[in-house]
>>> print(open('input27.txt').read())   # compact mmCIF, C-alpha atoms
# COMPACT_ATOMS: atom_id res chain seq x y z
CA MET C 164 40.39 131.26 44.52
CA ALA C 165 39.01 129.08 47.32
CA ASN C 166 41.02 131.13 49.86
CA GLN C 167 39.47 134.41 48.82
CA GLU C 168 36.84 135.86 51.13
CA LEU C 169 33.24 135.10 50.22
CA VAL C 170 31.15 138.27 50.06
CA ILE C 171 27.36 138.42 49.69
CA THR C 172 25.89 141.69 48.41
CA PRO C 173 22.42 142.78 47.27
CA VAL C 174 21.83 143.36 43.59
CA MET C 175 21.79 147.13 43.25
CA SER C 176 23.11 148.15 39.85
CA LYS C 177 22.52 147.28 36.22
CA ALA C 178 25.87 145.48 36.23
CA ASP C 179 24.77 143.44 39.26
CA ARG C 180 21.56 142.47 37.50
CA LYS C 181 23.49 141.39 34.42
CA ALA C 182 25.80 139.27 36.57
CA PHE C 183 22.76 137.73 38.28
CA VAL C 184 21.22 136.78 34.94
CA ASP C 185 24.49 135.60 33.34
CA LEU C 186 25.76 133.30 36.11
CA PRO C 187 24.03 130.05 34.99
CA TRP C 188 25.83 130.17 31.63
CA ARG C 189 29.09 129.49 33.44
CA LEU C 190 27.78 127.07 36.05
CA TYR C 191 26.00 124.90 33.48
CA ALA C 192 28.53 125.23 30.68
CA ASN C 193 29.29 121.50 30.78
CA ASP C 194 25.73 120.30 31.43
CA PRO C 195 24.22 119.00 28.17
CA HIS C 196 20.75 118.90 29.74
CA TRP C 197 20.53 122.57 30.72
CA VAL C 198 18.50 124.76 28.35
CA PRO C 199 19.68 128.39 28.24
CA PRO C 200 16.66 130.66 28.78
CA LEU C 201 16.22 133.83 26.77
CA LYS C 202 18.05 136.46 28.80
CA ASP C 203 15.47 139.15 28.07
CA GLU C 204 12.82 136.87 29.58
CA VAL C 205 14.87 136.42 32.75
CA VAL C 206 15.35 140.19 33.04
CA SER C 207 11.59 140.68 32.69
CA LEU C 208 10.94 138.00 35.32
CA ILE C 209 13.01 139.76 37.99
CA THR C 210 12.12 143.37 37.16
CA PRO C 211 9.25 145.22 38.86
CA GLY C 212 7.17 146.95 36.22
CA LYS C 213 7.80 144.15 33.74
CA ASN C 214 6.44 141.27 35.82
CA PRO C 215 2.94 141.78 37.33
CA PHE C 216 3.92 139.42 40.14
CA PHE C 217 5.38 142.52 41.77
CA GLY C 218 1.94 144.07 41.92
CA HIS C 219 1.45 141.91 45.02
CA ALA C 220 5.00 140.85 45.88
CA GLU C 221 8.45 142.18 46.75
CA ALA C 222 11.91 140.70 46.34
CA GLN C 223 15.58 141.23 46.96
CA TYR C 224 18.30 139.53 44.94
CA PHE C 225 21.77 138.68 46.23
CA LEU C 226 25.09 137.84 44.58
CA ALA C 227 27.98 135.88 46.07
CA ARG C 228 31.51 136.81 45.02
CA ARG C 229 35.02 135.65 45.68
CA GLY C 230 37.16 138.51 44.52
CA ASP C 231 35.83 139.59 41.14
CA ARG C 232 34.30 136.19 40.42
CA VAL C 233 30.51 135.75 40.82
CA VAL C 234 30.00 132.34 42.44
CA GLY C 235 26.31 132.28 43.38
CA ARG C 236 22.95 133.99 43.46
CA VAL C 237 19.61 133.80 45.28
CA SER C 238 16.34 135.67 45.60
CA ALA C 239 14.43 136.36 48.79
CA HIS C 240 10.81 137.30 48.22
CA LEU C 241 7.36 137.38 49.69
CA ASP C 242 3.98 137.34 48.01
CA HIS C 243 1.24 139.26 49.82
CA LEU C 244 -1.45 137.16 48.12
CA ALA C 245 0.27 134.00 49.36
CA LEU C 246 0.43 135.44 52.87
CA SER C 247 -3.36 135.78 52.84
CA GLN C 248 -3.96 132.12 51.96
CA PRO C 249 -4.91 129.45 54.52
CA ALA C 250 -1.81 128.06 56.24
CA GLU C 251 -3.04 124.49 55.79
CA GLN C 252 -2.72 124.95 52.02
CA GLY C 253 1.01 125.48 52.22
CA MET C 254 1.41 129.25 52.12
CA GLY C 255 -0.25 131.54 54.66
CA PRO C 256 0.79 134.18 57.20
CA GLY C 257 4.49 134.48 57.91
CA THR C 258 5.64 132.44 54.91
CA GLY C 259 8.28 133.93 52.64
CA ASN C 260 10.29 132.31 49.87
CA PHE C 261 13.74 131.92 48.42
CA GLY C 262 14.47 131.03 44.80
CA LEU C 263 16.59 131.55 41.67
CA PHE C 264 19.23 129.63 43.61
CA GLU C 265 22.60 128.87 42.05
CA ALA C 266 25.85 128.16 43.85
CA GLU C 267 29.34 127.11 42.86
CA ASP C 268 29.92 125.09 46.03
CA ALA C 269 28.45 124.22 49.43
CA GLU C 270 30.00 127.19 51.25
CA VAL C 271 28.41 129.56 48.76
CA GLY C 272 25.06 127.78 48.95
CA ALA C 273 24.94 127.94 52.75
CA ALA C 274 25.85 131.65 52.81
CA LEU C 275 23.28 132.58 50.18
CA ILE C 276 20.44 130.70 51.88
CA ALA C 277 21.35 132.27 55.24
CA THR C 278 21.33 135.72 53.62
CA ALA C 279 17.90 135.12 52.08
CA GLU C 280 16.60 133.96 55.46
CA GLY C 281 17.96 137.11 57.08
CA TRP C 282 16.04 139.28 54.62
CA LEU C 283 12.85 137.31 55.25
CA ARG C 284 13.22 137.62 59.03
CA ALA C 285 13.70 141.38 58.67
CA LYS C 286 10.38 141.44 56.82
CA GLY C 287 8.69 139.65 59.71
CA MET C 288 8.55 136.21 58.13
CA THR C 289 8.60 133.17 60.40
CA ARG C 290 8.89 130.45 57.76
CA SER C 291 10.87 130.01 54.55
CA LEU C 292 9.43 127.93 51.71
CA GLY C 293 11.42 127.19 48.59
CA PRO C 294 12.96 127.19 46.21
CA ILE C 295 10.20 128.97 44.30
CA SER C 296 11.32 131.06 41.32
CA LEU C 297 9.53 133.46 41.71
CA SER C 298 5.82 132.62 41.77
CA ILE C 299 4.18 129.27 42.46
CA TRP C 300 2.90 129.57 38.87
CA GLU C 301 6.41 129.79 37.42
CA GLU C 302 9.14 127.36 38.58
CA PRO C 303 8.40 125.90 42.02
CA GLY C 304 10.60 123.28 43.61
CA LEU C 305 14.14 121.94 43.32
CA LEU C 306 14.85 119.22 40.79
CA ILE C 307 15.86 116.08 42.73
CA GLU C 308 15.19 113.36 40.12
CA GLY C 309 15.44 113.45 36.34
CA PHE C 310 18.71 115.25 35.67
CA ASP C 311 19.40 113.11 32.62
CA HIS C 312 17.21 114.91 30.10
CA LYS C 313 16.35 118.50 29.26
CA PRO C 314 13.47 120.30 30.91
CA THR C 315 10.49 121.25 28.79
CA VAL C 316 9.03 124.74 28.40
CA MET C 317 8.49 126.55 31.72
CA MET C 318 10.21 123.83 33.78
CA GLY C 319 13.34 124.26 35.87
CA HIS C 320 16.69 122.53 35.96
CA ALA C 321 19.28 122.32 38.75
CA LYS C 322 22.55 120.74 39.78
CA PRO C 323 22.27 117.45 41.70
CA GLU C 324 24.39 118.83 44.55
CA TYR C 325 21.83 121.54 45.36
CA GLN C 326 19.67 119.06 47.26
CA ALA C 327 22.40 118.52 49.85
CA MET C 328 22.96 122.27 50.11
CA VAL C 329 19.30 123.00 50.84
CA GLU C 330 18.87 120.10 53.24
CA GLY C 331 22.18 120.96 54.90
CA ALA C 332 20.76 124.41 55.65
CA GLY C 333 18.08 122.78 57.78
CA TYR C 334 15.24 122.53 55.28
CA ARG C 335 12.82 119.60 55.35
CA PRO C 336 10.71 118.31 52.45
CA VAL C 337 7.12 119.53 52.45
CA LYS C 338 5.75 118.71 48.98
CA GLN C 339 6.82 116.93 45.81
CA LEU C 340 5.81 117.95 42.31
CA LYS C 341 6.07 115.29 39.62
CA THR C 342 6.07 115.29 35.85
CA TYR C 343 5.01 112.32 33.78
CA GLU C 344 6.11 111.35 30.28
CA LEU C 345 4.47 109.05 27.78
CA ASP C 346 4.71 107.84 24.21
CA ILE C 347 1.84 109.58 22.44
CA THR C 348 2.29 107.74 19.14
CA GLN C 349 0.55 104.71 20.64
CA PRO C 350 -3.22 104.48 21.29
CA PHE C 351 -4.26 104.50 24.91
CA PRO C 352 -5.26 101.22 26.61
CA PRO C 353 -8.60 99.68 25.51
CA LEU C 354 -10.35 100.75 28.74
CA ILE C 355 -9.48 104.40 28.11
CA GLN C 356 -10.64 104.12 24.49
CA ARG C 357 -13.99 102.77 25.68
CA ILE C 358 -14.37 105.63 28.17
CA VAL C 359 -13.68 108.15 25.39
CA GLN C 360 -16.12 106.47 23.03
CA SER C 361 -18.79 106.44 25.72
CA GLY C 362 -18.32 110.17 26.27
CA GLU C 363 -18.66 110.82 22.55
CA LYS C 364 -22.12 109.23 22.68
CA ASN C 365 -23.20 111.43 25.60
CA ALA C 366 -25.17 114.39 24.23
CA ARG C 367 -24.51 116.35 27.44
CA ILE C 368 -20.77 116.49 26.72
CA ARG C 369 -19.02 118.73 24.24
CA ILE C 370 -15.24 118.91 23.89
CA ARG C 371 -14.18 121.91 21.83
CA LYS C 372 -11.00 123.62 20.73
CA VAL C 373 -10.27 127.11 21.97
CA ASP C 374 -10.79 129.96 19.54
CA LYS C 375 -7.62 132.03 19.46
CA SER C 376 -9.47 134.85 17.69
CA LYS C 377 -11.41 135.26 20.96
CA PHE C 378 -8.29 135.04 23.08
CA ASP C 379 -9.40 137.25 25.97
CA SER C 380 -12.79 135.62 26.45
CA GLU C 381 -11.36 132.12 26.15
CA ALA C 382 -8.65 133.01 28.67
CA ALA C 383 -11.33 134.26 31.06
CA ILE C 384 -13.17 130.93 30.81
CA ILE C 385 -10.00 128.98 31.50
CA LEU C 386 -9.07 131.25 34.41
CA ALA C 387 -12.48 130.80 36.02
CA ILE C 388 -12.18 127.01 35.79
CA LEU C 389 -8.58 127.12 37.02
CA ASN C 390 -9.30 129.22 40.10
CA ASP C 391 -12.23 126.96 41.01
CA ALA C 392 -10.45 123.68 40.25
CA TRP C 393 -7.18 124.54 41.99
CA GLY C 394 -8.62 126.70 44.79
CA ASN C 395 -8.10 124.08 47.49
CA ASN C 396 -4.77 122.76 46.18
CA TRP C 397 -1.58 122.97 48.16
CA GLY C 398 0.34 126.12 47.30
CA PHE C 399 -2.55 127.80 45.48
CA VAL C 400 -2.29 131.56 45.03
CA PRO C 401 -4.93 133.36 42.94
CA ILE C 402 -3.83 134.71 39.56
CA THR C 403 -4.57 138.39 39.11
CA ASP C 404 -6.09 139.89 35.97
CA GLU C 405 -2.76 141.60 35.27
CA GLU C 406 -0.95 138.28 35.47
CA VAL C 407 -3.48 136.66 33.15
CA ALA C 408 -2.87 139.40 30.59
CA HIS C 409 0.90 139.09 31.01
CA PHE C 410 0.98 135.29 30.75
CA GLY C 411 -1.41 135.47 27.83
CA LYS C 412 0.92 137.82 25.97
CA GLN C 413 3.88 135.55 26.72
CA LEU C 414 2.12 132.34 25.74
CA LYS C 415 0.06 133.56 22.79
CA PRO C 416 2.77 132.74 20.20
CA ILE C 417 2.77 129.08 21.31
CA VAL C 418 -0.99 128.77 21.83
CA PHE C 419 -2.63 126.74 19.09
CA ASN C 420 -6.38 126.16 18.82
CA ASP C 421 -6.17 122.40 18.50
CA LEU C 422 -3.86 121.93 21.49
CA ILE C 423 -6.11 123.51 24.12
CA MET C 424 -9.50 121.98 24.86
CA ILE C 425 -12.49 123.17 26.89
CA ALA C 426 -15.03 120.61 28.07
CA GLU C 427 -18.64 121.68 28.37
CA LEU C 428 -21.33 119.81 30.28
CA GLU C 429 -24.84 120.77 29.22
CA GLY C 430 -23.39 123.96 27.72
CA GLU C 431 -21.38 124.98 30.80
CA PRO C 432 -17.55 125.07 30.66
CA VAL C 433 -16.42 122.71 33.42
CA ALA C 434 -12.91 121.55 32.46
CA PHE C 435 -9.94 122.50 30.32
CA MET C 436 -6.59 121.13 29.23
CA MET C 437 -3.74 123.32 27.99
CA THR C 438 -0.95 121.82 25.91
CA LEU C 439 2.10 123.68 24.64
CA PRO C 440 4.67 122.64 22.06
CA ASP C 441 8.05 122.44 23.76
CA LEU C 442 9.50 125.86 23.04
CA ASN C 443 12.76 124.75 24.67
CA GLU C 444 13.50 122.67 21.59
CA ALA C 445 13.56 125.90 19.57
CA ILE C 446 15.38 128.18 21.99
CA ALA C 447 18.07 125.75 23.17
CA PRO C 448 20.37 126.49 20.17
CA LEU C 449 19.96 130.27 20.59
CA ASN C 450 22.11 130.38 23.77
CA GLY C 451 19.91 132.96 25.43
CA SER C 452 19.78 135.59 22.69
CA LEU C 453 17.47 136.35 19.78
CA PHE C 454 20.20 138.33 18.05
CA PRO C 455 21.48 138.51 15.43
CA PHE C 456 19.44 135.77 13.73
CA GLY C 457 17.68 133.96 16.56
CA TRP C 458 14.50 135.97 16.24
CA ALA C 459 14.09 134.95 12.59
CA LYS C 460 14.66 131.28 13.43
CA LEU C 461 12.14 131.45 16.27
CA LEU C 462 9.51 133.23 14.18
CA TRP C 463 9.90 130.61 11.46
CA TRP C 464 9.49 127.83 14.03
CA LEU C 465 6.41 129.46 15.52
CA ARG C 466 4.62 129.51 12.16
CA LYS C 467 4.07 125.77 12.39
CA PRO C 468 6.20 124.12 15.03
CA LYS C 469 7.41 120.58 14.57
CA VAL C 470 8.38 119.19 17.94
CA ARG C 471 9.23 115.96 19.68
CA THR C 472 7.51 116.88 22.95
CA MET C 473 4.22 118.44 23.98
CA ARG C 474 3.82 119.61 27.57
CA VAL C 475 0.57 119.80 29.54
CA PRO C 476 1.25 122.53 32.13
CA LEU C 477 -2.34 123.11 33.22
CA MET C 478 -5.47 121.00 33.47
CA GLY C 479 -8.50 121.44 35.68
CA VAL C 480 -12.02 120.27 36.42
CA VAL C 481 -14.43 122.35 38.51
CA GLN C 482 -14.61 121.24 42.13
CA ARG C 483 -18.22 120.05 42.02
CA LEU C 484 -17.23 117.35 39.53
CA GLN C 485 -13.92 116.37 41.07
CA SER C 486 -13.68 112.74 42.26
CA SER C 487 -16.55 111.83 39.92
CA ARG C 488 -16.50 109.48 36.95
CA MET C 489 -17.49 112.43 34.77
CA ALA C 490 -14.28 114.28 35.71
CA SER C 491 -12.14 111.34 34.61
CA GLN C 492 -14.13 110.88 31.42
CA LEU C 493 -13.75 114.54 30.44
CA ALA C 494 -10.02 114.38 31.19
CA PHE C 495 -9.51 111.25 29.08
CA MET C 496 -11.45 112.77 26.19
CA MET C 497 -9.41 115.97 26.19
CA ILE C 498 -6.15 114.04 26.48
CA GLU C 499 -7.08 111.76 23.58
CA TYR C 500 -8.20 114.57 21.27
CA ILE C 501 -5.04 116.57 21.93
CA ARG C 502 -2.90 113.44 21.52
CA ARG C 503 -4.34 112.94 18.03
CA ASN C 504 -3.78 116.58 17.06
CA ALA C 505 -0.26 116.70 18.51
CA THR C 506 0.91 113.66 16.56
CA THR C 507 -0.95 114.43 13.33
CA HIS C 508 -0.41 118.18 13.04
CA TYR C 509 2.89 118.75 14.85
CA GLY C 510 4.79 115.49 14.52
CA ALA C 511 5.05 115.06 18.28
CA THR C 512 6.00 111.66 19.68
CA ARG C 513 6.27 112.39 23.39
CA GLY C 514 4.01 113.99 25.95
CA GLU C 515 4.86 115.44 29.36
CA ILE C 516 2.25 116.13 32.02
CA GLY C 517 3.03 118.28 35.00
CA TRP C 518 3.76 119.37 37.38
CA VAL C 519 1.40 117.17 39.46
CA LEU C 520 1.22 117.33 43.25
CA ASP C 521 2.27 114.08 44.87
CA ASP C 522 -1.05 113.88 46.75
CA ASN C 523 -3.27 114.71 43.77
CA GLN C 524 -4.85 111.27 43.65
CA GLY C 525 -7.12 112.00 40.71
CA MET C 526 -4.42 113.32 38.39
CA ASN C 527 -1.90 110.68 39.43
CA ALA C 528 -4.52 107.99 38.71
CA ILE C 529 -5.18 109.47 35.26
CA ALA C 530 -1.44 109.52 34.52
CA ASP C 531 -1.17 105.87 35.55
CA ALA C 532 -4.21 104.88 33.48
CA ILE C 533 -2.69 106.22 30.25
CA GLU C 534 0.54 104.33 31.05
CA SER C 535 2.78 107.33 31.63
CA ARG C 536 5.72 107.25 34.01
CA VAL C 537 7.33 109.75 36.36
CA ASN C 538 10.35 111.31 34.68
CA LYS C 539 11.14 114.28 36.95
CA VAL C 540 10.55 115.10 40.59
CA TYR C 541 10.79 118.59 42.10
CA GLN C 542 10.95 119.06 45.87
CA VAL C 543 9.64 122.05 47.81
CA TYR C 544 11.23 122.56 51.23
CA GLU C 545 10.33 124.50 54.37
CA LYS C 546 12.16 125.80 57.41
CA ASP C 547 11.03 127.70 60.50
CA LEU C 548 12.92 130.95 60.82
>>> encode(input="input27.txt", output="structure tokens")
Amino acid sequence: MANQELVITPVMSKADRKAFVDLPWRLYANDPHWVPPLKDEVVSLITPGKNPFFGHAEAQYFLARRGDRVVGRVSAHLDHLALSQPAEQGMGPGTGNFGLFEAEDAEVGAALIATAEGWLRAKGMTRSLGPISLSIWEEPGLLIEGFDHKPTVMMGHAKPEYQAMVEGAGYRPVKQLKTYELDITQPFPPLIQRIVQSGEKNARIRIRKVDKSKFDSEAAIILAILNDAWGNNWGFVPITDEEVAHFGKQLKPIVFNDLIMIAELEGEPVAFMMTLPDLNEAIAPLNGSLFPFGWAKLLWWLRKPKVRTMRVPLMGVVQRLQSSRMASQLAFMMIEYIRRNATTHYGATRGEIGWVLDDNQGMNAIADAIESRVNKVYQVYEKDL
């Protein structure tokens, strides 16, 4: 097999697309920490018309084969909204991406990355940033620490040897994204409890649950805070209205009123915290398919999920309050209220926060203050083309 010629071809047919989606099942067959995604979700992710990302982006997928055996895959893509962002924020003019990277060995990895770079150059790109699969809002970065436990909902997994493949192709680290874990069955340190109690006495502050019956209006509030709070962050790309509707439809089944909080200051929404029960705990046994009985099991789970882990994928405070004591107080209050609800109503024992940019001093300080610890690190790389 190793002596057979390695051939890289673009994904063109329905059979190619199926092979692209199916490959990880073989590569991770012996990895107990890989969680098989739902195949229909992966198909939707990579298909224009099903993923609103393609309203402002374009992509080409490639397969590597030795003979009839598929031995690797990669995407090459560019996001026109990302191209319009300031270069100092990580994206910007001339920056394209590679992602959805899987390779059986180093020869395959090198050939796939070179092929993706060739496509980006042909599109006029002068810099490759990755892996990002596919949007910065989906699965950015390559896992480089934390291979020893399963990823939570909407987080990626990878083989340890991929780091050497990417770095061997001439990529240099540009940004790290961290996740933190903590035991949520224990009260937070006394200082944090006092900060929360002080906020509860402040008549200017109101922490409220979202109202799922007003899903669209609540989503609009959160989006407005998010775009303001994250607007200057590294890698930020605005979320379009179509993407909000799409993500809302995807996430609505695992959105629960008491796990998402909005903080108001003098009646104005100024911060939010979104927490999701770890859907991966439910889908892991389904092996990528809802049929024949997976859909019934998942629907039963969604009625009232009981989970070990809750993940905080998004949290934000409007820029005018950032770096203030008020921002930290609002964050601690939301975290504490959700911690209580997660343990009492869902049986959760573990929380995971992230991803968090390595230079996000405020969020890293909050994570340290509640005695959480880094459990996974994802690395984003860059290379001049």
>>> closest_atom_pairs(input="input27.txt", of="region 385-501 of chain C", to="region 289-313 of chain C", cutoff="10 Å", atoms="all atoms listed in the file", output="Markdown table")
| residue | atom | partner | partner_atom | distance |
| --- | --- | --- | --- | --- |
| C:Gly398 | CA | C:Ile299 | CA | 6.9 |
| C:Phe399 | CA | C:Ile299 | CA | 7.5 |
| C:Val400 | CA | C:Ile299 | CA | 7.3 |
| C:Pro401 | CA | C:Trp300 | CA | 9.6 |
| C:Ile402 | CA | C:Trp300 | CA | 8.5 |
| C:Asn443 | CA | C:Lys313 | CA | 8.5 |
| C:Glu444 | CA | C:Lys313 | CA | 9.2 |
| C:Ala447 | CA | C:Lys313 | CA | 9.6 |
| C:Pro476 | CA | C:Trp300 | CA | 9.9 |
>>> atom_distance(input="input27.txt", atom1="CA of Glu405 (chain C)", atom2="CA of Asp203 (chain C)")
19.8 Å
>>> residues_around(input="input27.txt", residues="Gln360 (chain C)", least_positions_apart="6", cutoff="10 Å", atoms="all atoms listed in the file", output="JSON, numbers by chain")
{"C": [354, 492, 496]}
>>> residues_around(input="input27.txt", residues="region 215-224 of chain C", least_positions_apart="2", cutoff="9 Å", atoms="only C-alpha atoms", output="VMD selection string")
chain C and resid 172 to 175 180 183 208 to 213 226 236 to 244 263 279 282 297 to 298 403 405 to 406 409
>>> write_last_selection(input="input27.txt", atoms="C-alpha atoms", output="short mmCIF file (atom, residue, chain, number, x, y, z; two decimals), keeping the file's coordinate frame")
data_model
loop_
_atom_site.label_atom_id
_atom_site.label_comp_id
_atom_site.auth_asym_id
_atom_site.auth_seq_id
_atom_site.Cartn_x
_atom_site.Cartn_y
_atom_site.Cartn_z
CA THR C 172 25.89 141.69 48.41
CA PRO C 173 22.42 142.78 47.27
CA VAL C 174 21.83 143.36 43.59
CA MET C 175 21.79 147.13 43.25
CA ARG C 180 21.56 142.47 37.50
CA PHE C 183 22.76 137.73 38.28
CA LEU C 208 10.94 138.00 35.32
CA ILE C 209 13.01 139.76 37.99
CA THR C 210 12.12 143.37 37.16
CA PRO C 211 9.25 145.22 38.86
CA GLY C 212 7.17 146.95 36.22
CA LYS C 213 7.80 144.15 33.74
CA LEU C 226 25.09 137.84 44.58
CA ARG C 236 22.95 133.99 43.46
CA VAL C 237 19.61 133.80 45.28
CA SER C 238 16.34 135.67 45.60
CA ALA C 239 14.43 136.36 48.79
CA HIS C 240 10.81 137.30 48.22
CA LEU C 241 7.36 137.38 49.69
CA ASP C 242 3.98 137.34 48.01
CA HIS C 243 1.24 139.26 49.82
CA LEU C 244 -1.45 137.16 48.12
CA LEU C 263 16.59 131.55 41.67
CA ALA C 279 17.90 135.12 52.08
CA TRP C 282 16.04 139.28 54.62
CA LEU C 297 9.53 133.46 41.71
CA SER C 298 5.82 132.62 41.77
CA THR C 403 -4.57 138.39 39.11
CA GLU C 405 -2.76 141.60 35.27
CA GLU C 406 -0.95 138.28 35.47
CA HIS C 409 0.90 139.09 31.01
#
>>> closest_residue(input="input27.txt", among="C:Ala192, C:Pro314, C:Gln339, C:Met478", to="Leu386 (chain C)", atoms="all atoms listed in the file")
C:Met478
>>> residues_around(input="input27.txt", residues="Lys341 (chain C)", least_positions_apart="6", cutoff="7 Å", atoms="all atoms listed in the file", output="PyMOL selection string")
chain C and resi 517-521+537+539-541
>>> write_last_selection(input="input27.txt", atoms="C-alpha atoms", output="compact mmCIF listing (two decimals), in the coordinates of the input")
# COMPACT_ATOMS: atom_id res chain seq x y z
CA GLY C 517 3.03 118.28 35.00
CA TRP C 518 3.76 119.37 37.38
CA VAL C 519 1.40 117.17 39.46
CA LEU C 520 1.22 117.33 43.25
CA ASP C 521 2.27 114.08 44.87
CA VAL C 537 7.33 109.75 36.36
CA LYS C 539 11.14 114.28 36.95
CA VAL C 540 10.55 115.10 40.59
CA TYR C 541 10.79 118.59 42.10
>>> atom_distance(input="input27.txt", atom1="CA of Ile171 (chain C)", atom2="CA of Phe225 (chain C)")
6.6 Å
>>> closest_residue(input="input27.txt", among="C:Ser486, C:Val205, C:Arg471, C:Glu545", to="Asn260 (chain C)", atoms="all atoms listed in the file")
C:Glu545
>>> atom_distance(input="input27.txt", atom1="CA of Leu345 (chain C)", atom2="CA of Asp522 (chain C)")
20.3 Å
>>> closest_residue(input="input27.txt", among="C:Glu534, C:Asp547, C:Glu429, C:Asp441", to="Val316 (chain C)", atoms="all atoms listed in the file")
C:Asp441
>>> closest_residue(input="input27.txt", among="C:Tyr191, C:Tyr343, C:Tyr325, C:Phe435", to="Ile501 (chain C)", atoms="only C-alpha atoms")
C:Phe435
>>> closest_residue(input="input27.txt", among="C:Ala490, C:Met526, C:Val329, C:Val233", to="Gly262 (chain C)", atoms="all atoms listed in the file")
C:Val329
>>> residues_around(input="input27.txt", residues="Val475 (chain C)", least_positions_apart="3", cutoff="6 Å", atoms="all atoms listed in the file", output="list of chain:residue names")
C:Met437, C:Thr438, C:Ile516
>>> closest_residue(input="input27.txt", among="C:Lys412, C:Lys469, C:Gly514, C:Lys286", to="Asn538 (chain C)", atoms="all atoms listed in the file")
C:Gly514
>>> residues_around(input="input27.txt", residues="Thr506 (chain C)", least_positions_apart="3", cutoff="10 Å", atoms="all atoms listed in the file", output="list of chain:residue names")
C:Ile347, C:Thr348, C:Gln349, C:Lys469, C:Val470, C:Arg471, C:Thr472, C:Met473, C:Ile501, C:Arg502, C:Arg503, C:Tyr509, C:Gly510, C:Ala511, C:Thr512, C:Arg513, C:Gly514
>>> axis_aligned_box(input="input27.txt", around="region 510-522 of chain C", padding_each_side="5 Å", output="AutoDock Vina command-line options")
--center_x 2.6 --center_y 115.5 --center_z 30.6 --size_x 17.3 --size_y 17.7 --size_z 42.2
